[in-house]
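**Student:** Structure file upload01.csv, CSV, C-alpha atoms and all ligand atoms, is pasted below:
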chain,number,residue,atom,x,y,z
A,161,MET,CA,-24.8,2.4,17.5
A,162,ASP,CA,-25.9,3.9,14.1
A,163,THR,CA,-24.3,7.2,15.1
A,164,LEU,CA,-21.1,5.5,16.0
A,165,ASN,CA,-21.2,3.4,12.8
A,166,ASN,CA,-21.4,6.6,10.8
A,167,MET,CA,-18.6,8.2,12.7
A,168,VAL,CA,-16.0,5.4,12.5
A,169,THR,CA,-13.6,5.9,9.6
A,170,GLY,CA,-11.9,2.5,10.1
A,171,SER,CA,-14.1,-0.6,10.2
A,172,MET,CA,-16.9,-1.4,12.6
A,173,LEU,CA,-18.5,-4.9,12.4
A,174,ARG,CA,-21.9,-5.3,14.2
A,175,ASP,CA,-22.6,-8.5,16.1
A,176,GLU,CA,-19.3,-9.9,15.1
A,177,ALA,CA,-18.6,-13.5,16.1
A,178,MET,CA,-15.5,-13.5,18.3
A,179,THR,CA,-14.8,-17.0,17.0
A,180,ARG,CA,-13.1,-15.1,14.2
A,181,HIS,CA,-10.9,-13.1,16.5
A,182,THR,CA,-9.6,-15.5,19.1
A,183,SER,CA,-6.9,-18.2,18.7
A,184,TYR,CA,-9.3,-20.6,20.5
A,185,GLY,CA,-11.8,-20.0,17.8
A,186,ILE,CA,-14.4,-19.7,20.5
A,187,GLY,CA,-16.7,-16.9,21.6
A,188,GLY,CA,-20.1,-15.3,20.9
A,189,PRO,CA,-20.8,-12.0,19.1
A,190,ALA,CA,-19.4,-8.6,20.2
A,191,LYS,CA,-22.0,-5.8,19.8
A,192,ALA,CA,-19.4,-4.0,17.7
A,193,TYR,CA,-15.9,-5.0,16.7
A,194,ILE,CA,-14.0,-1.9,15.8
A,195,THR,CA,-10.6,-1.4,14.1
A,196,PRO,CA,-9.9,2.4,14.1
A,197,LYS,CA,-8.3,3.9,11.0
A,198,ASP,CA,-5.9,6.1,12.9
A,199,LYS,CA,-5.3,8.0,16.2
A,200,ASP,CA,-8.0,10.6,15.4
A,201,ASP,CA,-10.5,7.9,14.7
A,202,LEU,CA,-9.5,6.1,17.9
A,203,ALA,CA,-9.8,9.3,19.9
A,204,GLN,CA,-13.3,10.0,18.6
A,205,ILE,CA,-14.5,6.4,19.2
A,206,LEU,CA,-13.2,6.5,22.8
A,207,GLN,CA,-14.8,9.9,23.5
A,208,PHE,CA,-18.1,8.7,22.1
A,209,ALA,CA,-18.0,5.5,24.1
A,210,ASN,CA,-17.2,7.5,27.2
A,211,GLN,CA,-19.9,10.1,26.7
A,212,HIS,CA,-22.5,7.4,26.1
A,213,ASN,CA,-21.3,5.0,28.9
A,214,LEU,CA,-20.8,2.2,26.4
A,215,PRO,CA,-18.8,-0.7,27.9
A,216,THR,CA,-15.6,-0.8,26.0
A,217,TYR,CA,-12.9,-3.6,25.8
A,218,PHE,CA,-9.5,-3.6,24.2
A,219,VAL,CA,-8.1,-6.6,22.5
A,220,GLY,CA,-5.1,-7.5,20.3
A,221,SER,CA,-5.3,-10.6,18.2
A,222,GLY,CA,-7.1,-12.7,20.9
A,223,SER,CA,-4.3,-15.2,21.5
A,224,ASN,CA,-4.8,-15.0,25.3
A,225,LEU,CA,-8.5,-14.6,25.4
A,226,LEU,CA,-11.5,-16.8,26.4
A,227,VAL,CA,-14.8,-15.1,25.3
A,228,ALA,CA,-18.2,-16.3,26.6
A,229,ASP,CA,-20.6,-18.1,24.2
A,230,GLU,CA,-23.1,-15.4,25.0
A,231,GLY,CA,-20.7,-12.8,23.5
A,232,ILE,CA,-19.7,-9.4,24.7
A,233,ASP,CA,-22.3,-6.7,25.4
A,234,GLY,CA,-20.2,-3.7,24.4
A,235,LEU,CA,-17.6,-2.4,22.0
A,236,VAL,CA,-14.4,-4.3,21.3
A,237,ILE,CA,-11.6,-2.2,20.0
A,238,THR,CA,-8.5,-3.7,18.3
A,239,LEU,CA,-5.6,-1.8,16.9
A,240,GLY,CA,-4.9,-3.8,13.7
A,241,LYS,CA,-3.4,-2.9,10.4
A,242,SER,CA,-3.5,0.8,10.7
A,243,PHE,CA,-1.4,0.8,13.9
A,244,ASN,CA,1.4,-1.4,12.5
A,245,HIS,CA,4.2,1.1,12.1
A,246,LEU,CA,7.6,-0.4,13.0
A,247,ASP,CA,10.8,1.7,13.0
A,248,ILE,CA,14.2,0.4,14.0
A,249,ASN,CA,17.0,3.0,14.3
A,250,GLY,CA,20.2,1.5,15.7
A,251,GLU,CA,19.3,0.0,19.1
A,252,THR,CA,16.1,1.9,19.3
A,253,VAL,CA,12.9,0.1,18.3
A,254,PHE,CA,9.6,2.0,18.0
A,255,ALA,CA,6.4,0.0,17.3
A,256,GLU,CA,2.7,0.6,17.3
A,257,SER,CA,0.5,-1.8,19.2
A,258,GLY,CA,-1.0,-3.5,16.2
A,259,VAL,CA,2.4,-4.8,15.1
A,260,MET,CA,2.6,-8.5,15.4
A,261,LEU,CA,5.1,-9.4,18.1
A,262,GLY,CA,6.7,-12.0,15.8
A,263,LYS,CA,7.3,-9.5,13.1
A,264,MET,CA,9.1,-7.1,15.6
A,265,VAL,CA,11.1,-10.0,17.0
A,266,LYS,CA,12.2,-11.2,13.6
A,267,GLU,CA,13.2,-7.7,12.5
A,268,CYS,CA,15.3,-7.3,15.6
A,269,ILE,CA,17.0,-10.7,15.1
A,270,ARG,CA,17.8,-9.8,11.5
A,271,ARG,CA,19.7,-6.8,12.8
A,272,HIS,CA,21.4,-8.9,15.5
A,273,LEU,CA,19.7,-6.8,18.2
A,274,SER,CA,19.5,-8.8,21.5
A,275,GLY,CA,16.7,-8.5,24.1
A,276,VAL,CA,13.5,-9.9,22.5
A,277,GLU,CA,14.8,-13.0,20.7
A,278,SER,CA,13.5,-15.5,23.3
A,279,LEU,CA,10.0,-14.3,22.5
A,280,ILE,CA,10.2,-15.8,19.1
A,281,GLY,CA,7.0,-17.8,18.5
A,282,VAL,CA,4.8,-16.0,21.1
A,283,PRO,CA,1.6,-15.2,19.1
A,284,GLY,CA,-0.2,-11.9,19.3
A,285,THR,CA,0.3,-8.1,18.9
A,286,LEU,CA,2.7,-5.9,20.7
A,287,GLY,CA,-0.2,-4.3,22.6
A,288,GLY,CA,-1.3,-7.6,24.0
A,289,ALA,CA,2.3,-8.6,24.8
A,290,LEU,CA,2.8,-5.4,26.8
A,291,VAL,CA,-0.4,-5.7,28.8
A,292,MET,CA,0.3,-9.4,29.5
A,293,ASN,CA,4.0,-8.8,30.0
A,294,ALA,CA,4.5,-11.7,27.6
A,295,GLY,CA,7.6,-13.8,28.4
A,296,ALA,CA,9.4,-17.0,27.3
A,297,PHE,CA,12.6,-18.8,28.0
A,298,GLY,CA,13.9,-16.2,30.4
A,299,GLY,CA,12.9,-13.0,28.6
A,300,GLU,CA,10.0,-10.6,29.1
A,301,ILE,CA,8.7,-7.9,26.7
A,302,SER,CA,9.1,-5.3,29.5
A,303,ASN,CA,12.9,-5.9,30.0
A,304,TYR,CA,14.2,-3.4,27.5
A,305,LEU,CA,11.2,-1.0,27.5
A,306,LYS,CA,11.8,2.7,27.4
A,307,HIS,CA,8.3,4.1,27.3
A,308,VAL,CA,4.7,3.3,26.3
A,309,THR,CA,2.1,5.6,24.8
A,310,VAL,CA,-1.6,5.0,25.7
A,311,MET,CA,-4.8,6.8,24.9
A,312,THR,CA,-7.4,7.6,27.6
A,313,MET,CA,-11.2,7.4,27.2
A,314,ALA,CA,-11.0,11.2,26.8
A,315,GLY,CA,-9.0,10.7,23.7
A,316,ASP,CA,-5.8,12.1,25.2
A,317,GLU,CA,-2.4,10.5,24.7
A,318,LYS,CA,-0.3,9.8,27.7
A,319,GLN,CA,3.2,8.4,28.1
A,320,TYR,CA,4.5,6.0,30.8
A,321,VAL,CA,8.0,5.0,31.6
A,322,PRO,CA,8.8,1.7,33.4
A,323,GLY,CA,8.3,2.2,37.1
A,324,GLU,CA,5.1,4.2,36.5
A,325,ILE,CA,3.7,0.9,35.3
A,326,GLU,CA,4.7,-2.3,37.2
A,327,PHE,CA,5.5,-5.4,35.3
A,328,SER,CA,5.6,-8.9,36.9
A,329,TYR,CA,5.0,-12.5,35.7
A,330,ARG,CA,2.2,-12.3,33.0
A,331,HIS,CA,0.9,-9.1,34.6
A,332,SER,CA,1.1,-5.3,34.2
A,333,THR,CA,-0.7,-2.4,35.9
A,334,PHE,CA,-1.9,-0.6,32.8
A,335,PRO,CA,-5.3,0.9,33.7
A,336,SER,CA,-8.1,-1.1,32.0
A,337,ASP,CA,-9.6,2.1,30.6
A,338,GLU,CA,-6.5,3.1,28.6
A,339,ILE,CA,-5.6,1.6,25.3
A,340,VAL,CA,-1.9,0.9,24.6
A,341,VAL,CA,-1.0,2.6,21.3
A,342,SER,CA,2.8,2.3,20.9
A,343,ALA,CA,6.0,1.6,22.7
A,344,GLU,CA,9.7,2.2,22.3
A,345,PHE,CA,12.5,-0.2,23.3
A,346,LYS,CA,16.3,0.1,23.6
A,347,LEU,CA,17.9,-3.2,22.7
A,348,ILE,CA,21.5,-4.3,22.7
A,349,GLN,CA,23.6,-4.5,19.6
A,350,SER,CA,24.9,-8.1,19.6
A,351,ASP,CA,26.4,-10.5,17.1
A,352,GLU,CA,24.7,-13.0,14.8
A,353,ALA,CA,25.9,-16.2,16.6
A,354,THR,CA,24.6,-15.1,20.1
A,355,VAL,CA,21.2,-13.9,18.9
A,356,MET,CA,20.7,-16.9,16.6
A,357,GLU,CA,21.6,-19.3,19.4
A,358,ARG,CA,19.1,-17.7,21.9
A,359,ARG,CA,16.5,-17.8,19.2
A,360,ALA,CA,17.2,-21.5,18.4
A,361,VAL,CA,16.9,-22.5,22.1
A,362,ALA,CA,13.5,-20.7,22.3
A,363,SER,CA,12.2,-22.2,19.1
A,364,ALA,CA,13.2,-25.7,19.9
A,365,GLY,CA,11.8,-25.5,23.4
A,366,ARG,CA,8.5,-24.3,22.1
A,367,LYS,CA,8.2,-27.0,19.5
A,368,THR,CA,8.9,-29.8,21.8
A,369,THR,CA,6.7,-28.6,24.7
A,370,GLN,CA,3.6,-27.1,23.2
A,371,PRO,CA,0.7,-28.7,21.2
A,372,LEU,CA,1.1,-26.2,18.3
A,373,LYS,CA,-1.1,-28.2,15.9
A,374,PHE,CA,-4.3,-27.4,17.7
A,375,ARG,CA,-6.1,-24.1,18.6
A,376,SER,CA,-5.4,-22.9,22.1
A,377,ALA,CA,-4.8,-19.7,24.0
A,378,GLY,CA,-1.4,-20.8,25.3
A,379,SER,CA,-1.1,-21.5,29.1
A,380,VAL,CA,-4.5,-21.4,30.8
A,381,PHE,CA,-3.1,-20.9,34.3
A,382,LYS,CA,-0.1,-19.0,35.7
A,383,ASN,CA,2.5,-21.2,37.2
A,384,PRO,CA,2.1,-21.1,41.0
A,385,LYS,CA,5.1,-20.4,43.1
A,386,GLU,CA,5.4,-24.1,43.9
A,387,GLY,CA,6.1,-25.2,40.3
A,388,ALA,CA,4.5,-25.6,36.8
A,389,ALA,CA,0.7,-25.5,36.6
A,390,GLY,CA,0.9,-28.2,33.9
A,391,TYR,CA,2.7,-30.6,36.3
A,392,TYR,CA,0.0,-30.3,38.9
A,393,ILE,CA,-2.8,-30.7,36.4
A,394,ASP,CA,-1.0,-33.8,35.0
A,395,GLN,CA,-0.4,-35.2,38.5
A,396,ALA,CA,-4.1,-34.7,39.2
A,397,GLY,CA,-4.7,-37.2,36.4
A,398,LEU,CA,-6.3,-34.8,34.1
A,399,LYS,CA,-4.1,-34.9,30.9
A,400,GLY,CA,-6.3,-35.8,28.0
A,401,THR,CA,-9.6,-35.1,29.8
A,402,LYS,CA,-12.3,-34.0,27.3
A,403,VAL,CA,-15.5,-32.0,27.6
A,404,GLY,CA,-17.3,-31.6,24.3
A,405,ASP,CA,-14.6,-30.8,21.7
A,406,ALA,CA,-12.3,-29.2,24.3
A,407,GLU,CA,-9.4,-31.2,25.8
A,408,ILE,CA,-6.7,-30.8,28.4
A,409,SER,CA,-3.8,-31.4,26.0
A,410,ASP,CA,-2.1,-34.7,26.6
A,411,HIS,CA,1.1,-33.0,25.3
A,412,HIS,CA,1.1,-30.1,27.8
A,413,ALA,CA,-1.5,-30.1,30.5
A,414,ASN,CA,-1.6,-26.3,30.9
A,415,PHE,CA,-2.8,-26.0,27.3
A,416,PHE,CA,-6.5,-26.6,26.7
A,417,VAL,CA,-7.2,-27.2,23.0
A,418,ASN,CA,-10.2,-26.8,20.7
A,419,HIS,CA,-10.6,-29.8,18.4
A,420,GLY,CA,-13.0,-27.8,16.2
A,421,GLN,CA,-16.4,-27.2,17.8
A,422,ALA,CA,-15.5,-26.5,21.4
A,423,LYS,CA,-17.6,-24.0,23.3
A,424,ALA,CA,-16.5,-21.5,26.0
A,425,GLU,CA,-18.6,-23.5,28.4
A,426,ASP,CA,-16.5,-26.6,27.7
A,427,ILE,CA,-13.3,-24.7,28.5
A,428,VAL,CA,-15.0,-23.3,31.6
A,429,SER,CA,-15.8,-26.9,32.8
A,430,LEU,CA,-12.1,-27.9,32.2
A,431,ILE,CA,-10.9,-24.9,34.1
A,432,LYS,CA,-13.1,-25.6,37.1
A,433,LEU,CA,-12.3,-29.3,37.1
A,434,SER,CA,-8.5,-28.5,37.0
A,435,ARG,CA,-8.8,-26.0,39.8
A,436,GLN,CA,-10.9,-28.4,41.9
A,437,ARG,CA,-8.7,-31.4,41.5
A,438,VAL,CA,-5.4,-29.6,41.9
A,439,TYR,CA,-6.7,-27.9,45.0
A,440,GLU,CA,-8.0,-31.2,46.5
A,441,LYS,CA,-4.7,-33.0,45.8
A,442,PHE,CA,-2.1,-30.3,46.5
A,443,GLY,CA,-3.9,-27.4,48.3
A,444,ILE,CA,-2.9,-25.1,45.4
A,445,MET,CA,-5.5,-22.7,43.9
A,446,LEU,CA,-4.6,-22.2,40.3
A,447,GLU,CA,-4.9,-18.6,39.0
A,448,LEU,CA,-6.0,-17.9,35.4
A,449,GLU,CA,-3.5,-16.5,33.0
A,450,VAL,CA,-5.9,-16.3,30.1
A,451,LYS,CA,-8.1,-13.2,30.1
A,452,THR,CA,-11.8,-13.6,30.0
A,453,LEU,CA,-14.5,-11.5,28.4
A,454,GLY,CA,-18.3,-11.7,28.7
A,455,PHE,CA,-18.6,-14.0,31.7
A,456,SER,CA,-20.7,-13.5,34.8
A,457,PRO,CA,-18.6,-12.8,37.9
A,458,GLY,CA,-17.7,-15.9,39.9
A,459,ILE,CA,-18.2,-18.3,37.0
A,460,PHE,CA,-14.6,-19.7,37.3
A,461,ASP,CA,-14.8,-20.1,41.1
A,462,ILE,CA,-15.0,-23.6,42.7
A,501,LIG,C1,0.2,-21.3,21.0
A,501,LIG,C2,0.4,-20.2,22.0
A,501,LIG,C3,1.6,-20.1,22.7
A,501,LIG,C4,1.7,-19.0,23.6
A,501,LIG,N1,2.9,-18.9,24.2
A,501,LIG,C5,3.1,-17.8,25.1
A,501,LIG,C6,4.4,-17.7,25.7
A,501,LIG,O1,5.3,-18.4,25.5
A,501,LIG,N2,4.5,-16.6,26.6
A,501,LIG,C7,3.5,-15.7,26.8
A,501,LIG,O2,3.7,-14.8,27.6
A,501,LIG,N3,2.3,-15.9,26.2
A,501,LIG,C8,2.1,-16.9,25.4
A,501,LIG,N4,0.9,-17.1,24.8
A,501,LIG,C9,-0.3,-16.1,25.1
A,501,LIG,C10,-0.4,-14.9,24.1
A,501,LIG,O3,0.3,-15.2,22.9
A,501,LIG,C11,0.2,-13.7,24.8
A,501,LIG,O4,-0.4,-13.4,26.0
A,501,LIG,C12,0.1,-12.5,23.8
A,501,LIG,O5,1.0,-11.5,24.3
A,501,LIG,C13,-1.3,-11.9,23.7
A,501,LIG,O6,-1.3,-10.9,22.6
A,501,LIG,P1,-2.7,-10.6,21.9
A,501,LIG,O7,-2.4,-9.5,21.0
A,501,LIG,O8,-3.3,-11.8,21.2
A,501,LIG,O9,-3.6,-10.1,23.1
A,501,LIG,P2,-5.1,-10.5,23.4
A,501,LIG,O10,-5.2,-12.0,23.7
A,501,LIG,O11,-6.0,-10.0,22.4
A,501,LIG,O12,-5.3,-9.7,24.8
A,501,LIG,C14,-4.6,-10.0,26.0
A,501,LIG,C15,-4.8,-8.9,27.0
A,501,LIG,O13,-4.2,-7.7,26.6
A,501,LIG,C16,-5.2,-6.7,26.5
A,501,LIG,N5,-4.9,-5.9,25.4
A,501,LIG,C17,-4.5,-6.3,24.1
A,501,LIG,N6,-4.2,-5.3,23.3
A,501,LIG,C18,-4.3,-4.1,24.1
A,501,LIG,C19,-4.1,-2.8,23.8
A,501,LIG,N7,-3.6,-2.3,22.7
A,501,LIG,N8,-4.4,-1.9,24.8
A,501,LIG,C20,-4.8,-2.3,26.0
A,501,LIG,N9,-5.0,-3.6,26.3
A,501,LIG,C21,-4.8,-4.5,25.4
A,501,LIG,C22,-6.6,-7.4,26.4
A,501,LIG,O14,-7.6,-6.6,27.0
A,501,LIG,C23,-6.3,-8.6,27.3
A,501,LIG,O15,-6.4,-8.3,28.6
A,501,LIG,C24,0.7,-18.1,23.8
A,501,LIG,C25,-0.5,-18.3,23.1
A,501,LIG,C26,-0.7,-19.3,22.2
A,501,LIG,C27,-2.0,-19.4,21.5
So that I can check it, write out the structure of this file as structure tokens.
**Tutor:**
Amino acid sequence: MDTLNNMVTGSMLRDEAMTRHTSYGIGGPAKAYITPKDKDDLAQILQFANQHNLPTYFVGSGSNLLVADEGIDGLVITLGKSFNHLDINGETVFAESGVMLGKMVKECIRRHLSGVESLIGVPGTLGGALVMNAGAFGGEISNYLKHVTVMTMAGDEKQYVPGEIEFSYRHSTFPSDEIVVSAEFKLIQSDEATVMERRAVASAGRKTTQPLKFRSAGSVFKNPKEGAAGYYIDQAGLKGTKVGDAEISDHHANFFVNHGQAKAEDIVSLIKLSRQRVYEKFGIMLELEVKTLGFSPGIFDI
């Protein structure tokens, strides 16, 4: 770790509490939390991790992450401020993965470019949005994608076009050992009224349906094909159920919120309880939408 520390030209925080890097405000320490300075730094870090078999995980801003209380035994790499180049030229939008999705969406709206306006209010970075295929109110980040650049553990850059990577509901097939570095989109030049109306519908929908006052990671479960996960959790009588400082939101049952001191184990208990009750009552096995780091295999099974 000392060798790596001396090598990194960006920032490397040792035993860094993941409470500081997740929207839940939950999670034990990562062995090292690294923000590379630039592509050369990133390439060197990945090569080093590869050569020394260091477990390596990529995160964005942690808005879809549940990290174990025991922490993460490995390197956590995030592309933050030094990967935040955003360039809009006509209908072509180029952005690096560390760009906050909200910033990109607002800049596109300002230019009356249509295609990403329904994503207004989705927290997180562009990198996280691509890997999650973030979506809201009928739009998905992959809809107007032209290509994505990733970096492999050998430190090589590689480009994918849609089709080489499959995108579906809150899912993509990016290999887990490649970090998404940047992407280019081709949007549609529209007019102010159309773009502003779509934005307004998305903003209003979000404000009325989501418990935005509390810390959460958005939807905990994917919606099953039968309907909304929140509906089934509600019908199972679980809205407002608390474990420790964690609660199944009484506003939106697919959001679990942290009232301040919640632990990952509290959220895990609520996840298992929801899966159990919904399965018993409706025969539906809810599938996690949130990504998890640092847990033993099988911990979410019922
Ligand atoms: C209040 C609230 C509302 C939300 N509403 C929505 C919504 O409407 N629609 C929606 O889709 N989501 C929603 N979310 C979930 C979340 O905002 C999205 O999933 C977001 O795209 C995650 O981005 P992130 O940068 O925080 O990624 P993270 O949470 O840090 O990571 C998510 C996944 O992406 C991977 N990843 C991140 N960056 C990279 C990278 N550069 N290279 C490779 N892998 C990477 C991580 O390994 C992880 O698997 C909401 C969350 C909150 C808290």
**Student:** Tell me which of A:Asp162, A:Gln421, A:Gly288, A:Gly404 sits closest to Leu225 of chain A, counting all atoms listed in the file.
**Tutor:**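 Checking each of A:Asp162, A:Gln421, A:Gly288, A:Gly404 against Leu225 of chain A, counting all atoms listed in the file, the winner is A:Gly288.
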**Student:** Show me which residues line ligand LIG 501 (chain A), defined as having an atom within 7 Å of a ligand atom where only C-alpha atoms and all ligand atoms count, and present them as a PyMOL selection string.
**Tutor:** chain A and resi 183+217-225+238-239+257+279+282-296+330+336+338-341+372+375-379+451
**Student:** My list of candidates is A:Ile462, A:Ile348, A:Ile408, A:Leu398. Which is closest to Pro371 of chain A when distances are computed with all atoms listed in the file?
**Tutor:**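 Residue with the minimum atom-to-atom distance to Pro371 of chain A: A:Ile408.
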**Student:** Quick one: everything within 10 Å of segment 425-438 of chain A, counting only C-alpha atoms, minus sequence neighbours fewer than 4 positions away in the same chain. Send it as a VMD selection string.
**Tutor:** chain A and resid 184 186 to 187 226 to 230 380 to 381 389 to 399 401 to 408 413 to 414 416 to 418 421 442 to 448 455 459 to 462
**Student:** Which neighbours of Ile194 of chain A fall inside 10 Å, counting all atoms listed in the file, when residues of the same chain fewer than 2 positions from it are skipped, and could you give them as a list in words?
**Tutor:**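 Using all atoms listed in the file, the neighbours found are Asn165, Val168, Thr169, Gly170, Ser171, Met172, Leu173, Arg174, Glu176, Ala190, Lys191, Ala192, Pro196, Lys197, Leu202, Ile205, Phe218, Leu235, Val236, Ile237, Thr238, Leu239 and Gly240 of chain A.
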**Student:** Using only C-alpha atoms, please write the residues we just selected to a file, as a short mmCIF file (atom, residue, chain, number, x, y, z; two decimals), in the coordinates of the input.
**Tutor:**
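The resulting out23.cif:
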data_model
loop_
_atom_site.label_atom_id
_atom_site.label_comp_id
_atom_site.auth_asym_id
_atom_site.auth_seq_id
_atom_site.Cartn_x
_atom_site.Cartn_y
_atom_site.Cartn_z
CA ASN A 165 -21.20 3.40 12.80
CA VAL A 168 -16.00 5.40 12.50
CA THR A 169 -13.60 5.90 9.60
CA GLY A 170 -11.90 2.50 10.10
CA SER A 171 -14.10 -0.60 10.20
CA MET A 172 -16.90 -1.40 12.60
CA LEU A 173 -18.50 -4.90 12.40
CA ARG A 174 -21.90 -5.30 14.20
CA GLU A 176 -19.30 -9.90 15.10
CA ALA A 190 -19.40 -8.60 20.20
CA LYS A 191 -22.00 -5.80 19.80
CA ALA A 192 -19.40 -4.00 17.70
CA PRO A 196 -9.90 2.40 14.10
CA LYS A 197 -8.30 3.90 11.00
CA LEU A 202 -9.50 6.10 17.90
CA ILE A 205 -14.50 6.40 19.20
CA PHE A 218 -9.50 -3.60 24.20
CA LEU A 235 -17.60 -2.40 22.00
CA VAL A 236 -14.40 -4.30 21.30
CA ILE A 237 -11.60 -2.20 20.00
CA THR A 238 -8.50 -3.70 18.30
CA LEU A 239 -5.60 -1.80 16.90
CA GLY A 240 -4.90 -3.80 13.70
#
**Student:** So which one's closest to Ser302 of chain A, A:Ala314, A:Lys263, A:Met161, A:Leu347? Using only C-alpha atoms, please.
**Tutor:**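 So, comparing all the options, the nearest one is A:Leu347.
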**Student:** So how many Å separate atom CA of Lys318 of chain A and atom CA of Gly299 of chain A, to one decimal?
**Tutor:**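 Atom CA of Gly299 of chain A lies at a distance of 26.4 Å from atom CA of Lys318 of chain A.
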**Student:** Which of these residues is nearest to His245 of chain A, using all atoms listed in the file: A:Ala209, A:Leu273, A:Ala343, A:Val321?
**Tutor:**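 Distance minimum relative to His245 of chain A lands on A:Ala343.
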**Student:** Name the residues, using the chain letters and numbers of the file, that sit within 12 Å of (16.1, -14.1, 14.6) when counting all atoms listed in the file, and give them as an MDAnalysis selection string.
**Tutor:** chainID A and resid 262:281 350:363
**Student:** Nearest to Glu326 of chain A: which of A:Lys382, A:Thr216, A:Asn210, A:Asn303 is it, counting all atoms listed in the file?
**Tutor:**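 Among A:Lys382, A:Thr216, A:Asn210, A:Asn303, it is A:Asn303 that comes nearest to Glu326 of chain A.
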**Student:** What does the structure give for the distance between atom CA of Gly365 of chain A and atom CA of Thr252 of chain A, in Å to one decimal?
**Tutor:**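 Taking atom CA of Gly365 of chain A and atom CA of Thr252 of chain A, their separation equals 28.0 Å.
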**Student:** Rank nothing, just name the residue among A:Leu164, A:Met313, A:Leu453, A:Leu206 nearest to Asp233 of chain A, using only C-alpha atoms.
**Tutor:** A:Leu453
**Student:** Would you compute the distance between atom CA of Leu305 of chain A and atom CA of Pro322 of chain A? Give it in Å to one decimal.
**Tutor:**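 Computed distance, atom CA of Leu305 of chain A to atom CA of Pro322 of chain A, equals 6.9 Å.
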